[in-house]
>>> print(open('run_8.cif').read())   # mmCIF, C-alpha atoms and all ligand atoms
data_my_file
loop_
_atom_site.label_atom_id
_atom_site.label_comp_id
_atom_site.auth_asym_id
_atom_site.auth_seq_id
_atom_site.Cartn_x
_atom_site.Cartn_y
_atom_site.Cartn_z
CA MET A 1 -59.30 -52.78 10.34
CA GLY A 2 -61.88 -54.07 7.90
CA GLY A 3 -65.65 -54.11 8.36
CA ALA A 4 -67.76 -51.37 9.79
CA ALA A 5 -66.89 -51.70 13.48
CA TRP A 6 -68.80 -48.50 14.21
CA ARG A 7 -72.01 -50.36 13.41
CA ARG A 8 -71.67 -52.37 16.58
CA GLY A 9 -72.12 -49.29 18.69
CA ARG A 10 -74.97 -47.98 16.57
CA ARG A 11 -77.71 -46.22 18.49
CA ARG A 12 -80.80 -44.75 16.96
CA ALA A 13 -80.43 -41.02 17.13
CA GLY A 14 -83.52 -39.95 15.16
CA GLY A 15 -84.17 -36.47 13.79
CA LEU A 16 -81.91 -34.77 11.33
CA ASN A 17 -78.67 -36.59 11.96
CA ASP A 18 -78.54 -38.49 8.65
CA ILE A 19 -78.40 -35.79 5.98
CA LEU A 20 -78.33 -38.30 3.12
CA GLY A 21 -80.80 -40.83 4.50
CA GLY A 22 -84.12 -39.12 3.77
CA GLN A 23 -83.27 -38.06 0.21
CA PRO A 24 -85.09 -39.29 -2.90
CA ALA A 25 -81.77 -40.52 -4.36
CA ASP A 26 -79.69 -43.44 -3.11
CA ALA A 27 -77.63 -42.41 -0.06
CA SER A 28 -74.44 -44.17 -1.12
CA GLU A 29 -74.52 -42.57 -4.59
CA LEU A 30 -75.05 -39.17 -2.95
CA ALA A 31 -72.17 -39.91 -0.57
CA GLU A 32 -69.89 -40.56 -3.53
CA ILE A 33 -70.78 -37.18 -5.05
CA TYR A 34 -70.39 -35.56 -1.63
CA ASP A 35 -66.85 -36.93 -1.46
CA LEU A 36 -65.99 -35.62 -4.90
CA GLU A 37 -67.05 -32.14 -3.88
CA HIS A 38 -65.71 -32.12 -0.32
CA ASP A 39 -62.34 -33.64 -1.14
CA ALA A 40 -61.77 -30.66 -3.42
CA ILE A 41 -61.85 -28.43 -0.33
CA VAL A 42 -58.26 -28.21 0.82
CA GLU A 43 -57.84 -24.60 1.89
CA ASP A 44 -58.65 -25.44 5.53
CA LEU A 45 -56.35 -28.46 5.93
CA ALA A 46 -53.32 -26.48 7.13
CA PHE A 47 -55.52 -24.77 9.74
CA TYR A 48 -56.67 -28.13 11.14
CA ARG A 49 -53.14 -29.51 11.14
CA GLN A 50 -52.03 -26.41 13.05
CA ILE A 51 -54.87 -26.46 15.58
CA SER A 52 -54.22 -30.10 16.35
CA ARG A 53 -50.54 -29.30 16.83
CA ARG A 54 -51.50 -26.55 19.30
CA HIS A 55 -53.85 -28.84 21.21
CA PRO A 56 -52.10 -32.17 21.37
CA GLY A 57 -54.05 -35.13 22.69
CA ALA A 58 -57.23 -36.85 21.61
CA ALA A 59 -59.48 -35.13 19.05
CA VAL A 60 -63.15 -35.66 18.26
CA ASP A 61 -64.39 -34.69 14.79
CA LEU A 62 -68.12 -34.10 15.26
CA GLY A 63 -69.88 -34.44 11.90
CA CYS A 64 -66.73 -35.94 10.38
CA GLY A 65 -68.44 -36.90 7.11
CA SER A 66 -66.11 -39.14 5.13
CA GLY A 67 -63.10 -38.15 7.23
CA ARG A 68 -61.64 -35.35 5.11
CA LEU A 69 -59.98 -33.85 8.21
CA PHE A 70 -58.58 -37.10 9.65
CA LEU A 71 -55.18 -36.87 8.06
CA PRO A 72 -54.44 -33.23 8.93
CA LEU A 73 -55.58 -33.87 12.52
CA LEU A 74 -53.38 -36.92 12.90
CA SER A 75 -50.40 -35.41 11.12
CA GLY A 76 -50.75 -32.35 13.34
CA GLY A 77 -50.23 -34.67 16.29
CA ALA A 78 -53.64 -35.89 17.50
CA SER A 79 -52.83 -38.92 19.64
CA ARG A 80 -56.26 -40.42 18.99
CA LEU A 81 -59.15 -39.51 16.74
CA VAL A 82 -62.86 -40.18 17.12
CA GLY A 83 -65.05 -39.37 14.12
CA VAL A 84 -68.77 -39.05 14.78
CA ASP A 85 -71.34 -38.73 12.02
CA GLY A 86 -75.03 -39.37 11.53
CA SER A 87 -74.74 -40.67 7.99
CA PRO A 88 -73.97 -44.38 7.63
CA SER A 89 -73.13 -43.82 3.96
CA LEU A 90 -70.54 -41.18 4.78
CA LEU A 91 -69.08 -43.36 7.52
CA GLU A 92 -68.75 -46.16 4.94
CA ARG A 93 -66.72 -43.73 2.87
CA ALA A 94 -64.66 -42.77 5.92
CA GLU A 95 -63.91 -46.50 6.34
CA ALA A 96 -62.84 -46.64 2.70
CA ARG A 97 -60.64 -43.56 3.14
CA ILE A 98 -58.92 -45.17 6.14
CA GLU A 99 -58.37 -48.41 4.24
CA ALA A 100 -56.94 -46.57 1.25
CA ASP A 101 -54.39 -44.46 3.14
CA PRO A 102 -51.45 -46.27 4.79
CA ARG A 103 -51.08 -43.57 7.47
CA LEU A 104 -54.74 -43.77 8.43
CA ARG A 105 -54.71 -47.55 8.19
CA THR A 106 -51.76 -47.76 10.57
CA ALA A 107 -53.39 -45.35 13.02
CA ARG A 108 -56.55 -47.44 12.93
CA ALA A 109 -54.57 -50.67 13.44
CA ASP A 110 -52.93 -49.01 16.47
CA GLY A 111 -56.36 -48.24 17.89
CA ARG A 112 -55.98 -44.50 17.26
CA ILE A 113 -59.02 -44.00 15.02
CA GLU A 114 -62.58 -44.78 15.98
CA LEU A 115 -65.70 -44.13 13.92
CA VAL A 116 -69.04 -43.73 15.63
CA GLU A 117 -72.48 -43.37 14.11
CA GLY A 118 -74.23 -40.80 16.25
CA ASP A 119 -75.93 -37.47 16.52
CA VAL A 120 -73.68 -34.50 17.28
CA ARG A 121 -76.49 -33.02 19.36
CA ARG A 122 -76.31 -35.84 21.86
CA VAL A 123 -72.92 -37.51 21.94
CA ARG A 124 -72.23 -39.19 25.26
CA ARG A 125 -68.82 -40.69 26.03
CA ASN A 126 -66.69 -41.27 29.06
CA ASP A 127 -63.43 -40.16 27.48
CA ARG A 128 -62.41 -36.51 27.15
CA PHE A 129 -60.73 -34.64 24.31
CA ALA A 130 -58.16 -31.91 23.87
CA LEU A 131 -59.90 -30.82 20.67
CA ALA A 132 -63.47 -31.01 19.42
CA ILE A 133 -64.36 -29.91 15.90
CA LEU A 134 -67.68 -28.94 14.39
CA ALA A 135 -66.70 -28.13 10.79
CA GLY A 136 -69.52 -27.38 8.37
CA VAL A 137 -72.02 -28.96 10.74
CA VAL A 138 -73.93 -26.08 12.34
CA ALA A 139 -75.50 -25.24 8.95
CA HIS A 140 -77.15 -28.66 8.95
CA LEU A 141 -78.74 -28.19 12.35
CA ASP A 142 -82.28 -26.97 12.59
CA GLY A 143 -81.57 -23.70 14.39
CA PRO A 144 -80.43 -22.24 17.71
CA GLU A 145 -81.88 -24.99 19.94
CA ASP A 146 -80.10 -27.74 18.04
CA ALA A 147 -76.91 -25.69 17.86
CA LEU A 148 -77.05 -25.26 21.61
CA ARG A 149 -77.39 -29.02 22.01
CA ALA A 150 -74.41 -29.64 19.72
CA LEU A 151 -72.26 -27.02 21.48
CA GLY A 152 -73.21 -28.44 24.86
CA SER A 153 -72.37 -31.89 23.61
CA ALA A 154 -68.96 -30.67 22.43
CA ARG A 155 -68.32 -28.89 25.75
CA ARG A 156 -69.08 -32.04 27.74
CA LEU A 157 -66.55 -33.96 25.64
CA LEU A 158 -63.71 -31.55 26.36
CA ALA A 159 -60.90 -32.10 28.80
CA LYS A 160 -60.21 -29.24 31.22
CA ASP A 161 -57.85 -27.48 28.81
CA GLY A 162 -59.67 -28.61 25.68
CA VAL A 163 -60.98 -26.37 22.93
CA VAL A 164 -63.84 -26.62 20.50
CA VAL A 165 -63.59 -25.21 16.97
CA VAL A 166 -66.86 -24.27 15.29
CA ASP A 167 -66.33 -23.60 11.61
CA THR A 168 -69.13 -22.25 9.42
CA LEU A 169 -69.73 -19.76 6.62
CA GLY A 170 -69.09 -16.12 7.47
CA PRO A 171 -71.18 -13.14 6.34
CA GLY A 172 -69.20 -12.78 3.08
CA GLY A 173 -69.60 -16.46 2.20
CA LEU A 174 -73.38 -16.50 2.32
CA PRO A 175 -75.54 -16.28 -0.80
CA ALA A 176 -76.68 -12.68 -1.22
CA ARG A 177 -79.70 -13.62 -3.36
CA ASP A 178 -81.67 -16.58 -4.59
CA LEU A 179 -79.99 -18.56 -7.32
CA PRO A 180 -82.13 -20.21 -9.98
CA LEU A 181 -81.35 -23.77 -11.05
CA SER A 182 -77.90 -23.39 -12.63
CA LEU A 183 -75.03 -25.55 -13.79
CA ASP A 184 -72.32 -25.96 -11.12
CA TRP A 185 -69.97 -28.33 -12.89
CA ASP A 186 -69.73 -30.94 -15.58
CA ARG A 187 -66.85 -33.39 -15.34
CA THR A 188 -65.77 -36.93 -16.03
CA GLU A 189 -64.78 -39.10 -13.07
CA GLY A 190 -64.04 -42.82 -13.21
CA GLY A 191 -65.22 -43.01 -16.80
CA ARG A 192 -68.62 -41.46 -16.05
CA ARG A 193 -69.78 -38.00 -16.90
CA LEU A 194 -71.26 -36.14 -13.93
CA VAL A 195 -73.35 -33.03 -14.36
CA ARG A 196 -74.29 -31.07 -11.26
CA ARG A 197 -76.95 -28.37 -11.06
CA SER A 198 -78.16 -26.59 -7.96
CA GLN A 199 -80.66 -24.02 -6.81
CA ILE A 200 -80.69 -21.77 -3.74
CA GLU A 201 -83.56 -20.03 -2.01
CA ARG A 202 -82.70 -17.85 0.96
CA ARG A 203 -84.77 -16.36 3.72
CA GLU A 204 -83.62 -13.88 6.37
CA THR A 205 -85.05 -14.81 9.75
CA PRO A 206 -84.51 -13.45 13.27
CA GLU A 207 -82.31 -16.47 14.08
CA GLY A 208 -80.15 -16.17 10.96
CA LEU A 209 -80.20 -16.98 7.27
CA ARG A 210 -82.26 -20.00 6.23
CA VAL A 211 -81.23 -21.51 2.91
CA SER A 212 -82.99 -24.18 0.88
CA TYR A 213 -80.30 -25.84 -1.17
CA ALA A 214 -81.38 -28.30 -3.83
CA THR A 215 -79.01 -30.25 -6.06
CA LEU A 216 -79.61 -32.36 -9.12
CA THR A 217 -76.76 -34.57 -10.23
CA ASP A 218 -76.91 -36.51 -13.48
CA VAL A 219 -74.62 -39.49 -13.73
CA VAL A 220 -74.20 -40.52 -17.35
CA ARG A 221 -73.40 -44.22 -17.36
CA ALA A 222 -71.22 -46.02 -19.91
CA ASP A 223 -74.33 -47.45 -21.64
CA GLY A 224 -75.70 -43.92 -22.14
CA THR A 225 -78.41 -44.14 -19.50
CA ILE A 226 -78.63 -41.33 -17.00
CA ALA A 227 -79.13 -41.74 -13.27
CA ARG A 228 -80.64 -38.54 -11.94
CA LEU A 229 -79.89 -37.91 -8.26
CA PRO A 230 -81.99 -35.19 -6.65
CA ALA A 231 -81.29 -34.05 -3.09
CA SER A 232 -82.15 -31.07 -0.94
CA TRP A 233 -81.14 -29.63 2.40
CA ARG A 234 -82.43 -26.94 4.69
CA LEU A 235 -79.41 -25.03 5.91
CA TRP A 236 -79.12 -22.47 8.65
CA TYR A 237 -76.47 -19.79 9.14
CA PRO A 238 -76.51 -17.83 12.40
CA SER A 239 -74.78 -14.46 12.44
CA PRO A 240 -71.33 -14.55 14.09
CA ALA A 241 -72.75 -12.62 17.05
CA ALA A 242 -75.56 -15.16 17.43
CA LEU A 243 -73.08 -18.05 17.24
CA VAL A 244 -70.88 -16.47 19.92
CA ALA A 245 -73.95 -15.91 22.11
CA LEU A 246 -74.97 -19.56 21.66
CA ALA A 247 -71.47 -20.66 22.65
CA ALA A 248 -71.74 -18.57 25.83
CA GLU A 249 -75.16 -20.09 26.53
CA ALA A 250 -73.59 -23.53 26.15
CA GLU A 251 -71.09 -22.50 28.87
CA LEU A 252 -68.20 -22.05 26.49
CA ALA A 253 -65.79 -19.13 26.81
CA VAL A 254 -64.97 -17.82 23.35
CA GLU A 255 -61.24 -17.39 22.94
CA SER A 256 -61.03 -16.22 19.32
CA VAL A 257 -63.19 -15.64 16.29
CA PHE A 258 -61.50 -15.78 12.90
CA GLY A 259 -62.80 -14.80 9.49
CA SER A 260 -60.65 -17.22 7.53
CA HIS A 261 -58.50 -20.32 7.92
CA ASP A 262 -55.50 -17.97 7.67
CA LEU A 263 -56.70 -16.51 10.98
CA ASP A 264 -57.76 -13.15 9.55
CA PRO A 265 -60.01 -11.17 11.88
CA LEU A 266 -63.71 -11.58 11.24
CA ASN A 267 -65.51 -8.77 9.41
CA GLU A 268 -68.55 -8.35 7.16
CA GLU A 269 -66.62 -9.64 4.13
CA SER A 270 -65.28 -12.76 5.85
CA GLU A 271 -66.10 -15.95 4.03
CA ARG A 272 -65.72 -18.05 7.18
CA CYS A 273 -66.70 -17.68 10.78
CA ILE A 274 -64.44 -19.82 12.98
CA VAL A 275 -65.10 -19.74 16.70
CA VAL A 276 -62.55 -21.23 19.10
CA ALA A 277 -63.85 -21.72 22.64
CA ARG A 278 -63.05 -23.45 25.92
CA PRO A 279 -65.28 -24.74 28.69
CA ALA A 280 -66.26 -21.65 30.68
CA THR A 281 -66.13 -23.57 33.91
CA ALA A 282 -63.43 -25.92 35.13
CA ASP A 283 -65.82 -28.86 35.40
CA SER A 284 -66.04 -29.87 31.75
CA GLY A 285 -67.98 -33.05 31.33
CA LYS A 286 -70.90 -31.76 33.36
CA GLU A 287 -74.42 -31.95 31.95
C1 LIG B 301 -70.69 -30.23 5.28
S1 LIG B 301 -70.39 -31.78 5.99
C2 LIG B 301 -68.82 -31.51 6.77
C3 LIG B 301 -68.03 -32.76 6.98
C4 LIG B 301 -66.65 -32.59 7.60
N1 LIG B 301 -66.74 -31.98 8.92
C5 LIG B 301 -65.77 -31.77 6.71
O1 LIG B 301 -65.45 -30.63 7.08
O2 LIG B 301 -65.38 -32.25 5.65
C6 LIG B 301 -71.52 -31.86 7.37
C7 LIG B 301 -71.47 -33.19 8.08
O3 LIG B 301 -72.24 -33.11 9.28
C8 LIG B 301 -72.97 -34.32 9.44
N2 LIG B 301 -74.13 -34.03 10.28
C9 LIG B 301 -75.07 -33.07 10.10
N3 LIG B 301 -75.95 -33.07 11.12
C10 LIG B 301 -75.57 -34.06 11.96
C11 LIG B 301 -76.05 -34.55 13.19
N4 LIG B 301 -77.13 -34.02 13.79
N5 LIG B 301 -75.39 -35.57 13.79
C12 LIG B 301 -74.30 -36.13 13.20
N6 LIG B 301 -73.77 -35.70 12.04
C13 LIG B 301 -74.39 -34.67 11.42
C14 LIG B 301 -73.32 -34.74 8.04
O4 LIG B 301 -73.62 -36.11 7.94
C15 LIG B 301 -72.05 -34.36 7.28
O5 LIG B 301 -71.14 -35.40 7.28
#
>>> encode(input="run_8.cif", output="structure tokens", more="lines below")
Ligand SMILES: C[S@@+](CC[C@H](N)C(=O)[O-])C[C@H]1O[C@@H](n2cnc3c(N)ncnc32)[C@H](O)[C@@H]1O
Amino acid sequence: MGGAAWRRGRRRAGGLNDILGGQPADASELAEIYDLEHDAIVEDLAFYRQISRRHPGAAVDLGCGSGRLFLPLLSGGASRLVGVDGSPSLLERAEARIEADPRLRTARADGRIELVEGDVRRVRRNDRFALAILAGVVAHLDGPEDALRALGSARRLLAKDGVVVVDTLGPGGLPARDLPLSLDWDRTEGGRRLVRRSQIERRETPEGLRVSYATLTDVVRADGTIARLPASWRLWYPSPAALVALAAEAELAVESVFGSHDLDPLNEESERCIVVARPATADSGKE
């Protein structure tokens, strides 16, 4: 389906939901760079294919970005897929991804993919899902209160037997020290040279690690001019114990906690923290 149908249902969510919107650089240019970096992440795709196979039915990808996980979720067997994101620019790219892939295009034509611009902290829908995913999203929330809202939102979307997967960095994946402005990569894409630098400042707080992450991407155009795209984010990483406690507070019963997408047990060296939880009470969908 062409055109941004999700726009029709657009509601103002306010707050921090659009991570590219308030940046000094153009949001659609940042979204293009975002895609370049995120599409390189493939190590979790088999995990998402597998989890969707284990929980057949409708899936909701909360903070779907440009839809990196759509194909594994559908090929795992999701009967229907709803992608929710707060960034219009990333949803535009999700549209483009769907258009470009025959399998996604067919699923969309069959009414099996829906994109929604919204805030993961306050998604309200009447339909229920076998699987809800919050992948890489908690870090973008402002802290425990917002995480609680997002977890509660996910819980209310779940069918009785549904599960939510919360996927974030584990203790071993977090920066151990500040990183001065450094070169991340320098590559040529689509005839343009792209040079990415970034800087990290970290702060331990009672509610987890706070990280200021600033990036500077230079796009060297064919005529030799350089577009400089600065952006910055305030990220938050709760400890695994804090995340599990927040899940319980959101009335979710934690079923498993993994330290990798290969389902290794979580420990201090784990690069990921993946929490799988179910509604603690039978009446999912309650406020
Ligand atoms: C690191 S990306 C992960 C994207 C995708 N889940 C993936 O794994 O490729 C985080 C995503 O969360 C979205 N996001 C962050 N906070 C949000 C909020 N409050 N409401 C909706 N989307 C949000 C961002 O726009 C971005 O697309």
>>> closest_atom_pairs(input="run_8.cif", of="segment 61-141 of chain A", to="segment 167-176 of chain A", cutoff="12 Å", atoms="all atoms listed in the file", output="Markdown table")
| residue | atom | partner | partner_atom | distance |
| --- | --- | --- | --- | --- |
| A:Asp61 | CA | A:Asp167 | CA | 11.7 |
| A:Leu62 | CA | A:Asp167 | CA | 11.3 |
| A:Gly63 | CA | A:Asp167 | CA | 11.4 |
| A:Ala132 | CA | A:Asp167 | CA | 11.1 |
| A:Ile133 | CA | A:Asp167 | CA | 7.9 |
| A:Leu134 | CA | A:Asp167 | CA | 6.2 |
| A:Ala135 | CA | A:Asp167 | CA | 4.6 |
| A:Gly136 | CA | A:Thr168 | CA | 5.3 |
| A:Val137 | CA | A:Thr168 | CA | 7.4 |
| A:Val138 | CA | A:Thr168 | CA | 6.8 |
| A:Ala139 | CA | A:Thr168 | CA | 7.1 |
| A:His140 | CA | A:Thr168 | CA | 10.3 |
| A:Leu141 | CA | A:Thr168 | CA | 11.7 |
>>> write_last_selection(input="run_8.cif", atoms="C-alpha atoms", output="PDB file, in the coordinates of the input")
ATOM      1  CA  ASP A  61     -64.390 -34.690  14.790  1.00  0.00           C
ATOM      2  CA  LEU A  62     -68.120 -34.100  15.260  1.00  0.00           C
ATOM      3  CA  GLY A  63     -69.880 -34.440  11.900  1.00  0.00           C
ATOM      4  CA  ALA A 132     -63.470 -31.010  19.420  1.00  0.00           C
ATOM      5  CA  ILE A 133     -64.360 -29.910  15.900  1.00  0.00           C
ATOM      6  CA  LEU A 134     -67.680 -28.940  14.390  1.00  0.00           C
ATOM      7  CA  ALA A 135     -66.700 -28.130  10.790  1.00  0.00           C
ATOM      8  CA  GLY A 136     -69.520 -27.380   8.370  1.00  0.00           C
ATOM      9  CA  VAL A 137     -72.020 -28.960  10.740  1.00  0.00           C
ATOM     10  CA  VAL A 138     -73.930 -26.080  12.340  1.00  0.00           C
ATOM     11  CA  ALA A 139     -75.500 -25.240   8.950  1.00  0.00           C
ATOM     12  CA  HIS A 140     -77.150 -28.660   8.950  1.00  0.00           C
ATOM     13  CA  LEU A 141     -78.740 -28.190  12.350  1.00  0.00           C
TER      14      LEU A 141
END
>>> residues_near_ligand(input="run_8.cif", ligand="ligand LIG 301 (chain B)", cutoff="9 Å", atoms="only C-alpha atoms and all ligand atoms", output="MDAnalysis selection string")
chainID A and resid 13:20 34:35 38:39 41 44 61:69 84:91 117:123 133:142 146 150 167
>>> closest_residue(input="run_8.cif", among="A:Pro206, A:Ala231, A:Gly191, A:Leu243", to="Gly21 of chain A", atoms="all atoms listed in the file")
A:Ala231
>>> closest_residue(input="run_8.cif", among="A:Val165, A:Ala107, A:Ala214, A:Leu30", to="Tyr48 of chain A", atoms="only C-alpha atoms")
A:Val165
>>> atom_distance(input="run_8.cif", atom1="atom CA of Phe47 of chain A", atom2="atom CA of Ser75 of chain A")
11.9 Å
>>> closest_atom_pairs(input="run_8.cif", of="segment 30-59 of chain A", to="segment 258-266 of chain A", cutoff="12 Å", atoms="only C-alpha atoms", output="Markdown table")
| residue | atom | partner | partner_atom | distance |
| --- | --- | --- | --- | --- |
| A:Val42 | CA | A:His261 | CA | 10.6 |
| A:Glu43 | CA | A:His261 | CA | 7.4 |
| A:Asp44 | CA | A:His261 | CA | 5.7 |
| A:Leu45 | CA | A:His261 | CA | 8.7 |
| A:Ala46 | CA | A:His261 | CA | 8.1 |
| A:Phe47 | CA | A:His261 | CA | 5.7 |
| A:Tyr48 | CA | A:His261 | CA | 8.6 |
| A:Arg49 | CA | A:His261 | CA | 11.1 |
| A:Gln50 | CA | A:His261 | CA | 10.3 |
| A:Ile51 | CA | A:His261 | CA | 10.5 |
>>> closest_residue(input="run_8.cif", among="A:Arg197, A:Arg149, A:Arg228, A:Arg53", to="Tyr213 of chain A", atoms="all atoms listed in the file")
A:Arg197
>>> decode(input="run_8.cif", residues="segment 109-129 of chain A", atoms="N, CA, C and O atoms", output="short mmCIF file (atom, residue, chain, number, x, y, z; two decimals), in the first residue's frame")
data_model
loop_
_atom_site.label_atom_id
_atom_site.label_comp_id
_atom_site.auth_asym_id
_atom_site.auth_seq_id
_atom_site.Cartn_x
_atom_site.Cartn_y
_atom_site.Cartn_z
N ALA A 109 -0.47 -5.73 1.75
CA ALA A 109 -1.63 -5.75 0.85
C ALA A 109 -2.72 -6.64 1.43
O ALA A 109 -3.92 -6.39 1.23
N ASP A 110 -2.31 -7.68 2.17
CA ASP A 110 -3.30 -8.58 2.80
C ASP A 110 -3.83 -8.02 4.12
O ASP A 110 -4.53 -8.72 4.86
N GLY A 111 -3.42 -6.83 4.46
CA GLY A 111 -3.90 -6.20 5.70
C GLY A 111 -3.22 -6.75 6.93
O GLY A 111 -3.73 -6.65 8.05
N ARG A 112 -2.01 -7.34 6.75
CA ARG A 112 -1.33 -7.95 7.90
C ARG A 112 -0.25 -7.08 8.52
O ARG A 112 0.40 -7.48 9.48
N ILE A 113 -0.03 -5.90 7.95
CA ILE A 113 0.94 -4.97 8.57
C ILE A 113 0.27 -3.62 8.72
O ILE A 113 -0.34 -3.10 7.78
N GLU A 114 0.42 -3.07 9.90
CA GLU A 114 -0.13 -1.74 10.17
C GLU A 114 0.96 -0.92 10.87
O GLU A 114 1.62 -1.40 11.79
N LEU A 115 1.14 0.30 10.42
CA LEU A 115 2.09 1.21 11.08
C LEU A 115 1.30 2.30 11.80
O LEU A 115 0.34 2.84 11.25
N VAL A 116 1.74 2.60 13.00
CA VAL A 116 1.04 3.59 13.81
C VAL A 116 2.05 4.56 14.40
O VAL A 116 3.03 4.13 15.01
N GLU A 117 1.81 5.84 14.23
CA GLU A 117 2.65 6.82 14.93
C GLU A 117 2.07 6.98 16.33
O GLU A 117 0.89 7.32 16.49
N GLY A 118 2.88 6.72 17.33
CA GLY A 118 2.37 6.80 18.69
C GLY A 118 3.49 6.70 19.69
O GLY A 118 4.65 6.49 19.35
N ASP A 119 3.11 6.85 20.93
CA ASP A 119 4.06 6.85 22.04
C ASP A 119 3.94 5.51 22.76
O ASP A 119 2.84 5.15 23.22
N VAL A 120 5.04 4.79 22.88
CA VAL A 120 4.96 3.46 23.51
C VAL A 120 4.51 3.53 24.97
O VAL A 120 4.06 2.54 25.53
N ARG A 121 4.60 4.71 25.54
CA ARG A 121 4.18 4.84 26.95
C ARG A 121 2.67 4.92 27.09
O ARG A 121 2.14 4.81 28.17
N ARG A 122 2.00 5.14 25.98
CA ARG A 122 0.54 5.28 26.09
C ARG A 122 -0.17 4.80 24.83
O ARG A 122 -0.93 5.56 24.23
N VAL A 123 0.10 3.55 24.48
CA VAL A 123 -0.61 2.97 23.33
C VAL A 123 -1.95 2.44 23.80
O VAL A 123 -2.02 1.71 24.79
N ARG A 124 -2.99 2.81 23.13
CA ARG A 124 -4.33 2.31 23.46
C ARG A 124 -4.94 1.68 22.20
O ARG A 124 -5.03 2.35 21.18
N ARG A 125 -5.30 0.41 22.29
CA ARG A 125 -5.95 -0.25 21.15
C ARG A 125 -6.97 -1.22 21.69
O ARG A 125 -6.88 -1.65 22.84
N ASN A 126 -7.90 -1.60 20.83
CA ASN A 126 -8.89 -2.57 21.25
C ASN A 126 -8.46 -4.01 20.97
O ASN A 126 -8.97 -4.94 21.57
N ASP A 127 -7.52 -4.18 20.02
CA ASP A 127 -7.10 -5.55 19.72
C ASP A 127 -6.00 -6.00 20.68
O ASP A 127 -5.36 -5.19 21.33
N ARG A 128 -5.83 -7.31 20.78
CA ARG A 128 -4.86 -7.88 21.71
C ARG A 128 -3.84 -8.73 20.93
O ARG A 128 -4.13 -9.22 19.85
N PHE A 129 -2.67 -8.91 21.55
CA PHE A 129 -1.54 -9.49 20.82
C PHE A 129 -0.95 -10.68 21.57
O PHE A 129 -0.89 -10.70 22.80
#
